[in-house]
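**Student:** Sharing upload_13.pdb (PDB, C-alpha atoms and all ligand atoms) below.
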```pdb
ATOM      1  CA  MET A  23       9.682  35.498  45.913  1.00  0.00           C
ATOM      2  CA  ASP A  24      12.040  36.725  48.604  1.00  0.00           C
ATOM      3  CA  GLY A  25      12.595  40.245  49.766  1.00  0.00           C
ATOM      4  CA  ASN A  26       9.130  41.767  50.208  1.00  0.00           C
ATOM      5  CA  GLY A  27       9.841  42.496  53.872  1.00  0.00           C
ATOM      6  CA  ARG A  28      13.255  44.027  53.158  1.00  0.00           C
ATOM      7  CA  TRP A  29      11.803  46.131  50.337  1.00  0.00           C
ATOM      8  CA  ALA A  30       9.241  47.598  52.746  1.00  0.00           C
ATOM      9  CA  LYS A  31      11.728  48.086  55.583  1.00  0.00           C
ATOM     10  CA  ALA A  32      14.082  50.037  53.320  1.00  0.00           C
ATOM     11  CA  ARG A  33      11.205  52.472  52.714  1.00  0.00           C
ATOM     12  CA  GLY A  34      10.081  52.686  56.342  1.00  0.00           C
ATOM     13  CA  LEU A  35       6.847  50.883  55.407  1.00  0.00           C
ATOM     14  CA  PRO A  36       5.064  47.959  57.100  1.00  0.00           C
ATOM     15  CA  ARG A  37       5.921  44.486  55.755  1.00  0.00           C
ATOM     16  CA  ILE A  38       2.500  44.146  54.162  1.00  0.00           C
ATOM     17  CA  ALA A  39       3.327  47.088  51.851  1.00  0.00           C
ATOM     18  CA  GLY A  40       6.177  44.935  50.574  1.00  0.00           C
ATOM     19  CA  HIS A  41       3.816  42.025  49.934  1.00  0.00           C
ATOM     20  CA  ARG A  42       1.445  44.388  48.119  1.00  0.00           C
ATOM     21  CA  ALA A  43       4.333  45.512  45.901  1.00  0.00           C
ATOM     22  CA  GLY A  44       5.214  41.825  45.483  1.00  0.00           C
ATOM     23  CA  VAL A  45       1.763  41.147  43.989  1.00  0.00           C
ATOM     24  CA  LYS A  46       2.510  43.709  41.241  1.00  0.00           C
ATOM     25  CA  ALA A  47       5.660  41.782  40.354  1.00  0.00           C
ATOM     26  CA  VAL A  48       3.620  38.544  40.351  1.00  0.00           C
ATOM     27  CA  ARG A  49       1.153  40.061  37.891  1.00  0.00           C
ATOM     28  CA  ALA A  50       3.905  41.198  35.504  1.00  0.00           C
ATOM     29  CA  VAL A  51       5.820  37.903  35.643  1.00  0.00           C
ATOM     30  CA  VAL A  52       2.698  35.762  35.121  1.00  0.00           C
ATOM     31  CA  GLU A  53       1.612  37.798  32.092  1.00  0.00           C
ATOM     32  CA  GLU A  54       5.097  37.698  30.569  1.00  0.00           C
ATOM     33  CA  CYS A  55       5.356  33.918  31.038  1.00  0.00           C
ATOM     34  CA  ALA A  56       1.972  33.457  29.349  1.00  0.00           C
ATOM     35  CA  ARG A  57       3.026  35.752  26.491  1.00  0.00           C
ATOM     36  CA  ALA A  58       6.457  34.148  26.064  1.00  0.00           C
ATOM     37  CA  GLY A  59       5.100  30.582  25.859  1.00  0.00           C
ATOM     38  CA  VAL A  60       6.408  29.301  29.203  1.00  0.00           C
ATOM     39  CA  GLU A  61       4.408  26.145  29.860  1.00  0.00           C
ATOM     40  CA  TYR A  62       4.611  25.913  33.666  1.00  0.00           C
ATOM     41  CA  LEU A  63       5.274  28.557  36.309  1.00  0.00           C
ATOM     42  CA  THR A  64       5.258  27.663  40.002  1.00  0.00           C
ATOM     43  CA  LEU A  65       5.164  30.499  42.519  1.00  0.00           C
ATOM     44  CA  PHE A  66       6.180  29.727  46.099  1.00  0.00           C
ATOM     45  CA  ALA A  67       3.546  32.024  47.582  1.00  0.00           C
ATOM     46  CA  PHE A  68       3.238  30.585  51.108  1.00  0.00           C
ATOM     47  CA  SER A  69       5.257  27.863  52.795  1.00  0.00           C
ATOM     48  CA  ARG A  70       4.031  25.665  55.651  1.00  0.00           C
ATOM     49  CA  GLU A  71       6.734  27.350  57.732  1.00  0.00           C
ATOM     50  CA  ASN A  72       5.182  30.769  56.940  1.00  0.00           C
ATOM     51  CA  TRP A  73       2.311  29.942  59.377  1.00  0.00           C
ATOM     52  CA  ARG A  74       4.855  30.839  62.088  1.00  0.00           C
ATOM     53  CA  ARG A  75       4.793  34.517  61.031  1.00  0.00           C
ATOM     54  CA  PRO A  76       2.821  37.096  63.051  1.00  0.00           C
ATOM     55  CA  GLU A  77      -0.925  36.513  62.722  1.00  0.00           C
ATOM     56  CA  ASP A  78      -1.617  39.894  61.121  1.00  0.00           C
ATOM     57  CA  GLU A  79       0.987  39.242  58.396  1.00  0.00           C
ATOM     58  CA  VAL A  80      -0.464  35.785  57.675  1.00  0.00           C
ATOM     59  CA  ASN A  81      -3.994  37.220  57.501  1.00  0.00           C
ATOM     60  CA  ALA A  82      -2.853  40.044  55.220  1.00  0.00           C
ATOM     61  CA  LEU A  83      -1.147  37.549  52.883  1.00  0.00           C
ATOM     62  CA  MET A  84      -4.357  35.497  52.651  1.00  0.00           C
ATOM     63  CA  VAL A  85      -6.343  38.662  51.840  1.00  0.00           C
ATOM     64  CA  LEU A  86      -3.814  39.630  49.145  1.00  0.00           C
ATOM     65  CA  LEU A  87      -3.992  36.170  47.646  1.00  0.00           C
ATOM     66  CA  GLU A  88      -7.780  36.241  47.513  1.00  0.00           C
ATOM     67  CA  GLN A  89      -7.812  39.760  46.019  1.00  0.00           C
ATOM     68  CA  TYR A  90      -5.266  38.695  43.418  1.00  0.00           C
ATOM     69  CA  LEU A  91      -7.443  35.758  42.355  1.00  0.00           C
ATOM     70  CA  GLU A  92     -10.644  37.855  42.241  1.00  0.00           C
ATOM     71  CA  ARG A  93      -9.001  40.678  40.303  1.00  0.00           C
ATOM     72  CA  GLU A  94      -6.972  38.544  37.932  1.00  0.00           C
ATOM     73  CA  LEU A  95      -9.654  36.053  36.903  1.00  0.00           C
ATOM     74  CA  ASP A  96     -10.370  37.993  33.677  1.00  0.00           C
ATOM     75  CA  THR A  97      -6.652  38.255  32.854  1.00  0.00           C
ATOM     76  CA  ILE A  98      -6.196  34.559  33.623  1.00  0.00           C
ATOM     77  CA  MET A  99      -9.000  33.663  31.208  1.00  0.00           C
ATOM     78  CA  LYS A 100      -7.903  36.167  28.547  1.00  0.00           C
ATOM     79  CA  ASN A 101      -4.339  34.817  28.621  1.00  0.00           C
ATOM     80  CA  ASN A 102      -5.469  31.161  28.442  1.00  0.00           C
ATOM     81  CA  ILE A 103      -3.851  30.427  31.839  1.00  0.00           C
ATOM     82  CA  ARG A 104      -4.766  27.340  33.854  1.00  0.00           C
ATOM     83  CA  LEU A 105      -4.512  27.631  37.632  1.00  0.00           C
ATOM     84  CA  ARG A 106      -3.399  24.737  39.831  1.00  0.00           C
ATOM     85  CA  THR A 107      -2.271  24.541  43.426  1.00  0.00           C
ATOM     86  CA  ILE A 108       0.192  22.362  45.299  1.00  0.00           C
ATOM     87  CA  GLY A 109       0.628  22.013  49.046  1.00  0.00           C
ATOM     88  CA  ARG A 110      -1.677  21.377  51.988  1.00  0.00           C
ATOM     89  CA  ILE A 111      -4.574  23.380  50.542  1.00  0.00           C
ATOM     90  CA  GLU A 112      -6.890  22.100  53.290  1.00  0.00           C
ATOM     91  CA  GLU A 113      -4.891  24.307  55.723  1.00  0.00           C
ATOM     92  CA  ILE A 114      -5.751  27.509  53.795  1.00  0.00           C
ATOM     93  CA  PRO A 115      -8.747  29.482  55.186  1.00  0.00           C
ATOM     94  CA  GLU A 116     -12.067  28.323  53.741  1.00  0.00           C
ATOM     95  CA  ASP A 117     -13.038  31.579  51.998  1.00  0.00           C
ATOM     96  CA  VAL A 118      -9.673  31.710  50.165  1.00  0.00           C
ATOM     97  CA  ARG A 119     -10.005  28.037  49.291  1.00  0.00           C
ATOM     98  CA  ARG A 120     -13.444  28.675  47.782  1.00  0.00           C
ATOM     99  CA  THR A 121     -11.999  31.416  45.547  1.00  0.00           C
ATOM    100  CA  LEU A 122      -9.076  29.164  44.639  1.00  0.00           C
ATOM    101  CA  SER A 123     -11.352  26.343  43.556  1.00  0.00           C
ATOM    102  CA  ARG A 124     -13.585  28.736  41.589  1.00  0.00           C
ATOM    103  CA  VAL A 125     -10.583  30.020  39.589  1.00  0.00           C
ATOM    104  CA  THR A 126      -9.125  26.507  39.264  1.00  0.00           C
ATOM    105  CA  ASP A 127     -12.444  25.153  37.938  1.00  0.00           C
ATOM    106  CA  ARG A 128     -13.104  28.111  35.610  1.00  0.00           C
ATOM    107  CA  SER A 129      -9.613  27.898  34.099  1.00  0.00           C
ATOM    108  CA  ALA A 130      -9.414  24.081  33.917  1.00  0.00           C
ATOM    109  CA  GLY A 131     -10.041  24.016  30.153  1.00  0.00           C
ATOM    110  CA  ASN A 132      -7.288  26.546  29.321  1.00  0.00           C
ATOM    111  CA  ASP A 133      -4.202  25.127  27.657  1.00  0.00           C
ATOM    112  CA  GLY A 134      -1.664  27.951  27.753  1.00  0.00           C
ATOM    113  CA  LEU A 135       0.559  28.614  30.772  1.00  0.00           C
ATOM    114  CA  THR A 136      -0.133  26.406  33.804  1.00  0.00           C
ATOM    115  CA  LEU A 137       0.234  28.673  36.833  1.00  0.00           C
ATOM    116  CA  ILE A 138       0.871  26.659  39.965  1.00  0.00           C
ATOM    117  CA  LEU A 139       0.538  28.341  43.345  1.00  0.00           C
ATOM    118  CA  ALA A 140       2.468  26.588  46.113  1.00  0.00           C
ATOM    119  CA  LEU A 141       0.382  27.247  49.232  1.00  0.00           C
ATOM    120  CA  SER A 142       1.030  25.876  52.695  1.00  0.00           C
ATOM    121  CA  TYR A 143       3.687  23.982  50.778  1.00  0.00           C
ATOM    122  CA  SER A 144       6.633  22.068  52.195  1.00  0.00           C
ATOM    123  CA  GLY A 145       8.759  19.877  49.960  1.00  0.00           C
ATOM    124  CA  ARG A 146       9.502  17.425  52.763  1.00  0.00           C
ATOM    125  CA  GLN A 147       5.851  17.213  53.811  1.00  0.00           C
ATOM    126  CA  ASP A 148       4.881  16.560  50.205  1.00  0.00           C
ATOM    127  CA  ILE A 149       7.310  13.619  50.080  1.00  0.00           C
ATOM    128  CA  VAL A 150       5.961  12.231  53.372  1.00  0.00           C
ATOM    129  CA  ASP A 151       2.353  12.635  52.162  1.00  0.00           C
ATOM    130  CA  ALA A 152       3.297  10.846  48.930  1.00  0.00           C
ATOM    131  CA  ALA A 153       4.909   7.987  50.902  1.00  0.00           C
ATOM    132  CA  ARG A 154       1.697   7.647  52.937  1.00  0.00           C
ATOM    133  CA  ARG A 155      -0.481   7.566  49.827  1.00  0.00           C
ATOM    134  CA  TRP A 156       1.832   5.039  48.219  1.00  0.00           C
ATOM    135  CA  SER A 157       1.886   2.714  51.264  1.00  0.00           C
ATOM    136  CA  GLU A 158      -1.918   2.862  51.489  1.00  0.00           C
ATOM    137  CA  GLU A 159      -2.019   1.827  47.836  1.00  0.00           C
ATOM    138  CA  VAL A 160       0.424  -1.032  48.517  1.00  0.00           C
ATOM    139  CA  ALA A 161      -1.721  -2.264  51.419  1.00  0.00           C
ATOM    140  CA  ARG A 162      -4.907  -2.024  49.332  1.00  0.00           C
ATOM    141  CA  SER A 163      -3.679  -3.466  46.067  1.00  0.00           C
ATOM    142  CA  GLY A 164      -1.082  -5.964  47.212  1.00  0.00           C
ATOM    143  CA  LYS A 165       1.548  -4.323  44.942  1.00  0.00           C
ATOM    144  CA  THR A 166       5.105  -5.193  45.918  1.00  0.00           C
ATOM    145  CA  PRO A 167       7.309  -2.319  47.195  1.00  0.00           C
ATOM    146  CA  ASP A 168      10.292  -3.326  45.038  1.00  0.00           C
ATOM    147  CA  ALA A 169       8.273  -2.544  41.908  1.00  0.00           C
ATOM    148  CA  LEU A 170       8.263   1.166  42.835  1.00  0.00           C
ATOM    149  CA  SER A 171      10.190   3.367  40.393  1.00  0.00           C
ATOM    150  CA  GLU A 172      11.106   7.064  40.675  1.00  0.00           C
ATOM    151  CA  GLU A 173       8.522   7.787  38.010  1.00  0.00           C
ATOM    152  CA  ASP A 174       5.803   5.900  39.923  1.00  0.00           C
ATOM    153  CA  PHE A 175       6.664   7.747  43.121  1.00  0.00           C
ATOM    154  CA  SER A 176       6.466  11.136  41.363  1.00  0.00           C
ATOM    155  CA  GLY A 177       2.839  10.335  40.634  1.00  0.00           C
ATOM    156  CA  TYR A 178       2.026  10.374  44.364  1.00  0.00           C
ATOM    157  CA  LEU A 179       3.445  13.893  44.901  1.00  0.00           C
ATOM    158  CA  SER A 180       1.184  16.939  44.678  1.00  0.00           C
ATOM    159  CA  THR A 181       3.009  17.866  41.465  1.00  0.00           C
ATOM    160  CA  SER A 182       1.761  14.710  39.729  1.00  0.00           C
ATOM    161  CA  GLY A 183       1.473  15.396  36.002  1.00  0.00           C
ATOM    162  CA  ILE A 184       3.615  18.553  36.201  1.00  0.00           C
ATOM    163  CA  PRO A 185       7.123  18.277  34.701  1.00  0.00           C
ATOM    164  CA  ASP A 186      10.145  18.929  36.939  1.00  0.00           C
ATOM    165  CA  PRO A 187      11.257  22.563  36.931  1.00  0.00           C
ATOM    166  CA  ASP A 188      13.994  23.497  34.455  1.00  0.00           C
ATOM    167  CA  LEU A 189      14.819  26.786  36.135  1.00  0.00           C
ATOM    168  CA  ILE A 190      14.421  28.043  39.707  1.00  0.00           C
ATOM    169  CA  ILE A 191      14.731  31.796  40.181  1.00  0.00           C
ATOM    170  CA  ARG A 192      15.485  33.070  43.660  1.00  0.00           C
ATOM    171  CA  THR A 193      15.452  36.772  44.517  1.00  0.00           C
ATOM    172  CA  SER A 194      17.284  38.807  47.191  1.00  0.00           C
ATOM    173  CA  GLY A 195      20.481  36.825  46.844  1.00  0.00           C
ATOM    174  CA  GLU A 196      19.341  33.883  48.990  1.00  0.00           C
ATOM    175  CA  MET A 197      21.350  30.718  48.277  1.00  0.00           C
ATOM    176  CA  ARG A 198      18.921  28.245  49.819  1.00  0.00           C
ATOM    177  CA  ILE A 199      16.217  25.933  48.487  1.00  0.00           C
ATOM    178  CA  SER A 200      14.011  26.562  51.568  1.00  0.00           C
ATOM    179  CA  ASN A 201      11.998  23.348  51.276  1.00  0.00           C
ATOM    180  CA  PHE A 202      10.789  24.138  47.735  1.00  0.00           C
ATOM    181  CA  LEU A 203      10.191  21.258  45.279  1.00  0.00           C
ATOM    182  CA  LEU A 204      12.934  19.165  46.918  1.00  0.00           C
ATOM    183  CA  TRP A 205      12.285  16.025  44.879  1.00  0.00           C
ATOM    184  CA  GLN A 206      11.454  17.836  41.649  1.00  0.00           C
ATOM    185  CA  ALA A 207      14.472  20.199  41.725  1.00  0.00           C
ATOM    186  CA  ALA A 208      16.998  17.343  41.338  1.00  0.00           C
ATOM    187  CA  TYR A 209      18.279  18.714  38.017  1.00  0.00           C
ATOM    188  CA  ALA A 210      16.901  22.253  38.058  1.00  0.00           C
ATOM    189  CA  GLU A 211      19.172  25.133  37.106  1.00  0.00           C
ATOM    190  CA  PHE A 212      19.328  27.974  39.629  1.00  0.00           C
ATOM    191  CA  PHE A 213      19.322  31.673  38.881  1.00  0.00           C
ATOM    192  CA  VAL A 214      19.945  33.885  41.909  1.00  0.00           C
ATOM    193  CA  THR A 215      19.530  37.633  41.675  1.00  0.00           C
ATOM    194  CA  GLU A 216      20.255  40.291  44.296  1.00  0.00           C
ATOM    195  CA  LYS A 217      17.050  42.091  43.317  1.00  0.00           C
ATOM    196  CA  LEU A 218      14.308  42.057  45.957  1.00  0.00           C
ATOM    197  CA  TRP A 219      11.103  40.424  44.667  1.00  0.00           C
ATOM    198  CA  PRO A 220       9.078  43.698  44.336  1.00  0.00           C
ATOM    199  CA  ASP A 221      11.907  45.089  42.158  1.00  0.00           C
ATOM    200  CA  PHE A 222      12.023  41.996  39.928  1.00  0.00           C
ATOM    201  CA  THR A 223      10.910  43.025  36.431  1.00  0.00           C
ATOM    202  CA  VAL A 224      10.006  41.399  33.141  1.00  0.00           C
ATOM    203  CA  ASP A 225      13.519  42.302  31.929  1.00  0.00           C
ATOM    204  CA  ASP A 226      15.008  40.398  34.896  1.00  0.00           C
ATOM    205  CA  LEU A 227      12.871  37.395  33.965  1.00  0.00           C
ATOM    206  CA  ARG A 228      14.072  37.591  30.356  1.00  0.00           C
ATOM    207  CA  GLU A 229      17.674  37.780  31.583  1.00  0.00           C
ATOM    208  CA  ALA A 230      17.163  34.664  33.729  1.00  0.00           C
ATOM    209  CA  ILE A 231      15.705  32.769  30.762  1.00  0.00           C
ATOM    210  CA  ARG A 232      18.538  33.957  28.493  1.00  0.00           C
ATOM    211  CA  ASP A 233      21.095  32.853  31.065  1.00  0.00           C
ATOM    212  CA  PHE A 234      19.367  29.468  31.365  1.00  0.00           C
ATOM    213  CA  GLY A 235      19.577  29.088  27.564  1.00  0.00           C
ATOM    214  CA  GLY A 236      23.377  29.205  27.808  1.00  0.00           C
ATOM    215  CA  ARG A 237      23.704  26.475  30.439  1.00  0.00           C
ATOM    216  CA  GLU A 238      24.960  23.010  29.658  1.00  0.00           C
ATOM    217  CA  ARG A 239      22.674  20.474  31.346  1.00  0.00           C
ATOM    218  CA  ARG A 240      24.525  17.191  31.687  1.00  0.00           C
ATOM    219  CA  PHE A 241      22.141  15.087  33.805  1.00  0.00           C
ATOM    220  CA  GLY A 242      25.114  13.061  35.050  1.00  0.00           C
ATOM    221  CA  MET A 243      26.682  12.583  31.612  1.00  0.00           C
ATOM    222  CA  THR A 244      29.949  14.054  30.354  1.00  0.00           C
ATOM    223  CA  SER A 245      30.079  17.224  28.328  1.00  0.00           C
ATOM    224  CA  ASP A 246      31.165  15.261  25.215  1.00  0.00           C
ATOM    225  CA  GLN A 247      28.240  12.874  25.542  1.00  0.00           C
ATOM    226  CA  VAL A 248      25.814  15.797  25.820  1.00  0.00           C
ATOM    227  CA  LYS A 249      27.298  17.368  22.652  1.00  0.00           C
ATOM    228  CA  GLU A 250      27.059  14.075  20.768  1.00  0.00           C
ATOM    229  CA  GLU A 251      23.452  13.671  21.841  1.00  0.00           C
ATOM    230  CA  THR A 252      22.572  17.246  20.774  1.00  0.00           C
ATOM    231  CA  GLU A 253      24.279  16.799  17.393  1.00  0.00           C
ATOM    232  CA  SER A 254      22.521  13.503  16.674  1.00  0.00           C
ATOM    233  CA  GLY A 255      19.208  15.227  17.462  1.00  0.00           C
TER     234      GLY A 255
HETATM  235  C1  LIG B 301       8.842  36.330  50.890  1.00  0.00           C
HETATM  236  O1  LIG B 301       9.315  37.610  51.253  1.00  0.00           O
HETATM  237  C2  LIG B 301       7.463  36.426  50.413  1.00  0.00           C
HETATM  238  C3  LIG B 301       6.399  35.791  50.963  1.00  0.00           C
HETATM  239  C4  LIG B 301       6.490  34.902  52.125  1.00  0.00           C
HETATM  240  C5  LIG B 301       5.048  35.972  50.419  1.00  0.00           C
HETATM  241  C6  LIG B 301       4.910  36.070  48.946  1.00  0.00           C
HETATM  242  C7  LIG B 301       3.547  36.507  48.659  1.00  0.00           C
HETATM  243  C8  LIG B 301       3.163  37.416  47.744  1.00  0.00           C
HETATM  244  C9  LIG B 301       4.096  38.063  46.807  1.00  0.00           C
HETATM  245  C10 LIG B 301       1.737  37.866  47.648  1.00  0.00           C
HETATM  246  C11 LIG B 301       0.676  36.835  47.486  1.00  0.00           C
HETATM  247  C12 LIG B 301       0.918  35.853  46.412  1.00  0.00           C
HETATM  248  C13 LIG B 301       0.326  35.783  45.197  1.00  0.00           C
HETATM  249  C14 LIG B 301       0.657  34.661  44.299  1.00  0.00           C
HETATM  250  C15 LIG B 301      -0.617  36.797  44.695  1.00  0.00           C
HETATM  251  P1  LIG B 301       9.670  37.876  52.774  1.00  0.00           P
HETATM  252  O2  LIG B 301       8.422  38.398  53.448  1.00  0.00           O
HETATM  253  O3  LIG B 301      10.248  36.651  53.377  1.00  0.00           O
HETATM  254  O4  LIG B 301      10.724  39.029  52.660  1.00  0.00           O
HETATM  255  P2  LIG B 301      12.017  39.214  53.574  1.00  0.00           P
HETATM  256  O5  LIG B 301      12.865  37.983  53.361  1.00  0.00           O
HETATM  257  O6  LIG B 301      12.660  40.447  53.005  1.00  0.00           O
HETATM  258  O7  LIG B 301      11.539  39.390  54.971  1.00  0.00           O
END
```
Kindly present the structure from the file in structure tokens form.
Ligand code: FPP
**Tutor:**
Amino acid sequence: MDGNGRWAKARGLPRIAGHRAGVKAVRAVVEECARAGVEYLTLFAFSRENWRRPEDEVNALMVLLEQYLERELDTIMKNNIRLRTIGRIEEIPEDVRRTLSRVTDRSAGNDGLTLILALSYSGRQDIVDAARRWSEEVARSGKTPDALSEEDFSGYLSTSGIPDPDLIIRTSGEMRISNFLLWQAAYAEFFVTEKLWPDFTVDDLREAIRDFGGRERRFGMTSDQVKEETESG
């Protein structure tokens, strides 16, 4: 969700005004995904690297996140949305964590859109944490390392049980992955728009999904093989 800062700067406003405008875009996109039948939506709301930002910006982001959760709980329930988090949640301030677990628990039985908030998230750290959990398991259970498959390893990541992303949308024209879902993005399609996140609308989301629908996903195969596979059902 890039571009909140630039959006604010262009208007002579403090960066936090950009984040506030960014929350409005979050609300619209979440509701549209729930309505359109998207099964999983992951929002990169706060990276581990974002802790390096000025303290007042970090604090303001945590306040915005908590307000969003408090204010949107009804909408989350009404739209059958299930909230999950990924990342080092233990690093998030305790009061925000309490609100997060309240909304996560309340929405656990919903079976519409799964909304995943990536918080204090780093793709590399997640892989390292998974490797630690896996090696502890090996030491405990006596499993042999050569039995480890990609699928097994995925189960140790914080995204365990969540399918890999089909589409990654990046705003403000940035052509980087910025430590987001490094393992899981192996075959994700990218959609990059010049729009700054606060200007990203439901129509932009629909355009990204339409564009995705026209892509040929080969997963290492040839185009002819993919066509054959599609035709044979
Ligand atoms: C990136 O823009 C945005 C962030 C680091 C924060 C995103 C957070 C929100 C939209 C609000 C809280 C989240 C939720 C889910 C309610 P930037 O600040 O890096 O912008 P810039 O690249 O223009 O400086």
**Student:** Could you state the separation of atom C15 of ligand LIG 301 (chain B) and CA of Ile114 (chain A) in Å, given to one decimal place?
**Tutor:** 14.0 Å
**Student:** Expand the PyMOL selection byres (((not hetatm)) within 9 of (chain B and resi 301)) into the individual residues it matches in the shown file, reporting them as a PDB file with C-alpha atoms, in the frame of the given file.
**Tutor:**
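Done, and the output landed in expr-v9.pdb:
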```
ATOM      1  CA  MET A  23       9.682  35.498  45.913  1.00  0.00           C
ATOM      2  CA  ASP A  24      12.040  36.725  48.604  1.00  0.00           C
ATOM      3  CA  GLY A  25      12.595  40.245  49.766  1.00  0.00           C
ATOM      4  CA  ASN A  26       9.130  41.767  50.208  1.00  0.00           C
ATOM      5  CA  GLY A  27       9.841  42.496  53.872  1.00  0.00           C
ATOM      6  CA  ARG A  28      13.255  44.027  53.158  1.00  0.00           C
ATOM      7  CA  TRP A  29      11.803  46.131  50.337  1.00  0.00           C
ATOM      8  CA  ALA A  30       9.241  47.598  52.746  1.00  0.00           C
ATOM      9  CA  LYS A  31      11.728  48.086  55.583  1.00  0.00           C
ATOM     10  CA  ARG A  37       5.921  44.486  55.755  1.00  0.00           C
ATOM     11  CA  ILE A  38       2.500  44.146  54.162  1.00  0.00           C
ATOM     12  CA  GLY A  40       6.177  44.935  50.574  1.00  0.00           C
ATOM     13  CA  HIS A  41       3.816  42.025  49.934  1.00  0.00           C
ATOM     14  CA  ARG A  42       1.445  44.388  48.119  1.00  0.00           C
ATOM     15  CA  ALA A  43       4.333  45.512  45.901  1.00  0.00           C
ATOM     16  CA  GLY A  44       5.214  41.825  45.483  1.00  0.00           C
ATOM     17  CA  VAL A  45       1.763  41.147  43.989  1.00  0.00           C
ATOM     18  CA  LYS A  46       2.510  43.709  41.241  1.00  0.00           C
ATOM     19  CA  ALA A  47       5.660  41.782  40.354  1.00  0.00           C
ATOM     20  CA  VAL A  48       3.620  38.544  40.351  1.00  0.00           C
ATOM     21  CA  ARG A  49       1.153  40.061  37.891  1.00  0.00           C
ATOM     22  CA  LEU A  65       5.164  30.499  42.519  1.00  0.00           C
ATOM     23  CA  PHE A  66       6.180  29.727  46.099  1.00  0.00           C
ATOM     24  CA  ALA A  67       3.546  32.024  47.582  1.00  0.00           C
ATOM     25  CA  PHE A  68       3.238  30.585  51.108  1.00  0.00           C
ATOM     26  CA  SER A  69       5.257  27.863  52.795  1.00  0.00           C
ATOM     27  CA  ASN A  72       5.182  30.769  56.940  1.00  0.00           C
ATOM     28  CA  GLU A  79       0.987  39.242  58.396  1.00  0.00           C
ATOM     29  CA  VAL A  80      -0.464  35.785  57.675  1.00  0.00           C
ATOM     30  CA  LEU A  83      -1.147  37.549  52.883  1.00  0.00           C
ATOM     31  CA  MET A  84      -4.357  35.497  52.651  1.00  0.00           C
ATOM     32  CA  VAL A  85      -6.343  38.662  51.840  1.00  0.00           C
ATOM     33  CA  LEU A  86      -3.814  39.630  49.145  1.00  0.00           C
ATOM     34  CA  LEU A  87      -3.992  36.170  47.646  1.00  0.00           C
ATOM     35  CA  GLU A  88      -7.780  36.241  47.513  1.00  0.00           C
ATOM     36  CA  GLN A  89      -7.812  39.760  46.019  1.00  0.00           C
ATOM     37  CA  TYR A  90      -5.266  38.695  43.418  1.00  0.00           C
ATOM     38  CA  LEU A  91      -7.443  35.758  42.355  1.00  0.00           C
ATOM     39  CA  LEU A 139       0.538  28.341  43.345  1.00  0.00           C
ATOM     40  CA  ALA A 140       2.468  26.588  46.113  1.00  0.00           C
ATOM     41  CA  LEU A 141       0.382  27.247  49.232  1.00  0.00           C
ATOM     42  CA  SER A 194      17.284  38.807  47.191  1.00  0.00           C
ATOM     43  CA  GLU A 196      19.341  33.883  48.990  1.00  0.00           C
ATOM     44  CA  LEU A 218      14.308  42.057  45.957  1.00  0.00           C
ATOM     45  CA  TRP A 219      11.103  40.424  44.667  1.00  0.00           C
ATOM     46  CA  PRO A 220       9.078  43.698  44.336  1.00  0.00           C
TER      47      PRO A 220
END
```
**Student:** Starting from the PyMOL selection byres (((chain A and resi 204-216) around 6) and not hetatm), expand the selection into actual residues of this file and give them as a PyMOL selection string.
**Tutor:** chain A and resi 145+186-195+202-203+217
**Student:** Within 12 Å of region 152-162 of chain A, counting all atoms listed in the file, which residues show up once you throw out same-chain ones fewer than 5 positions away? Write them as number ranges by chain, please.
**Tutor:** A: 109, 145-147, 167-172, 174-182, 205
**Student:** Those residues with C-alpha atoms, as a PDB file, in the coordinates of the input please?
**Tutor:**
```
ATOM      1  CA  GLY A 109       0.628  22.013  49.046  1.00  0.00           C
ATOM      2  CA  GLY A 145       8.759  19.877  49.960  1.00  0.00           C
ATOM      3  CA  ARG A 146       9.502  17.425  52.763  1.00  0.00           C
ATOM      4  CA  GLN A 147       5.851  17.213  53.811  1.00  0.00           C
ATOM      5  CA  PRO A 167       7.309  -2.319  47.195  1.00  0.00           C
ATOM      6  CA  ASP A 168      10.292  -3.326  45.038  1.00  0.00           C
ATOM      7  CA  ALA A 169       8.273  -2.544  41.908  1.00  0.00           C
ATOM      8  CA  LEU A 170       8.263   1.166  42.835  1.00  0.00           C
ATOM      9  CA  SER A 171      10.190   3.367  40.393  1.00  0.00           C
ATOM     10  CA  GLU A 172      11.106   7.064  40.675  1.00  0.00           C
ATOM     11  CA  ASP A 174       5.803   5.900  39.923  1.00  0.00           C
ATOM     12  CA  PHE A 175       6.664   7.747  43.121  1.00  0.00           C
ATOM     13  CA  SER A 176       6.466  11.136  41.363  1.00  0.00           C
ATOM     14  CA  GLY A 177       2.839  10.335  40.634  1.00  0.00           C
ATOM     15  CA  TYR A 178       2.026  10.374  44.364  1.00  0.00           C
ATOM     16  CA  LEU A 179       3.445  13.893  44.901  1.00  0.00           C
ATOM     17  CA  SER A 180       1.184  16.939  44.678  1.00  0.00           C
ATOM     18  CA  THR A 181       3.009  17.866  41.465  1.00  0.00           C
ATOM     19  CA  SER A 182       1.761  14.710  39.729  1.00  0.00           C
ATOM     20  CA  TRP A 205      12.285  16.025  44.879  1.00  0.00           C
TER      21      TRP A 205
END
```
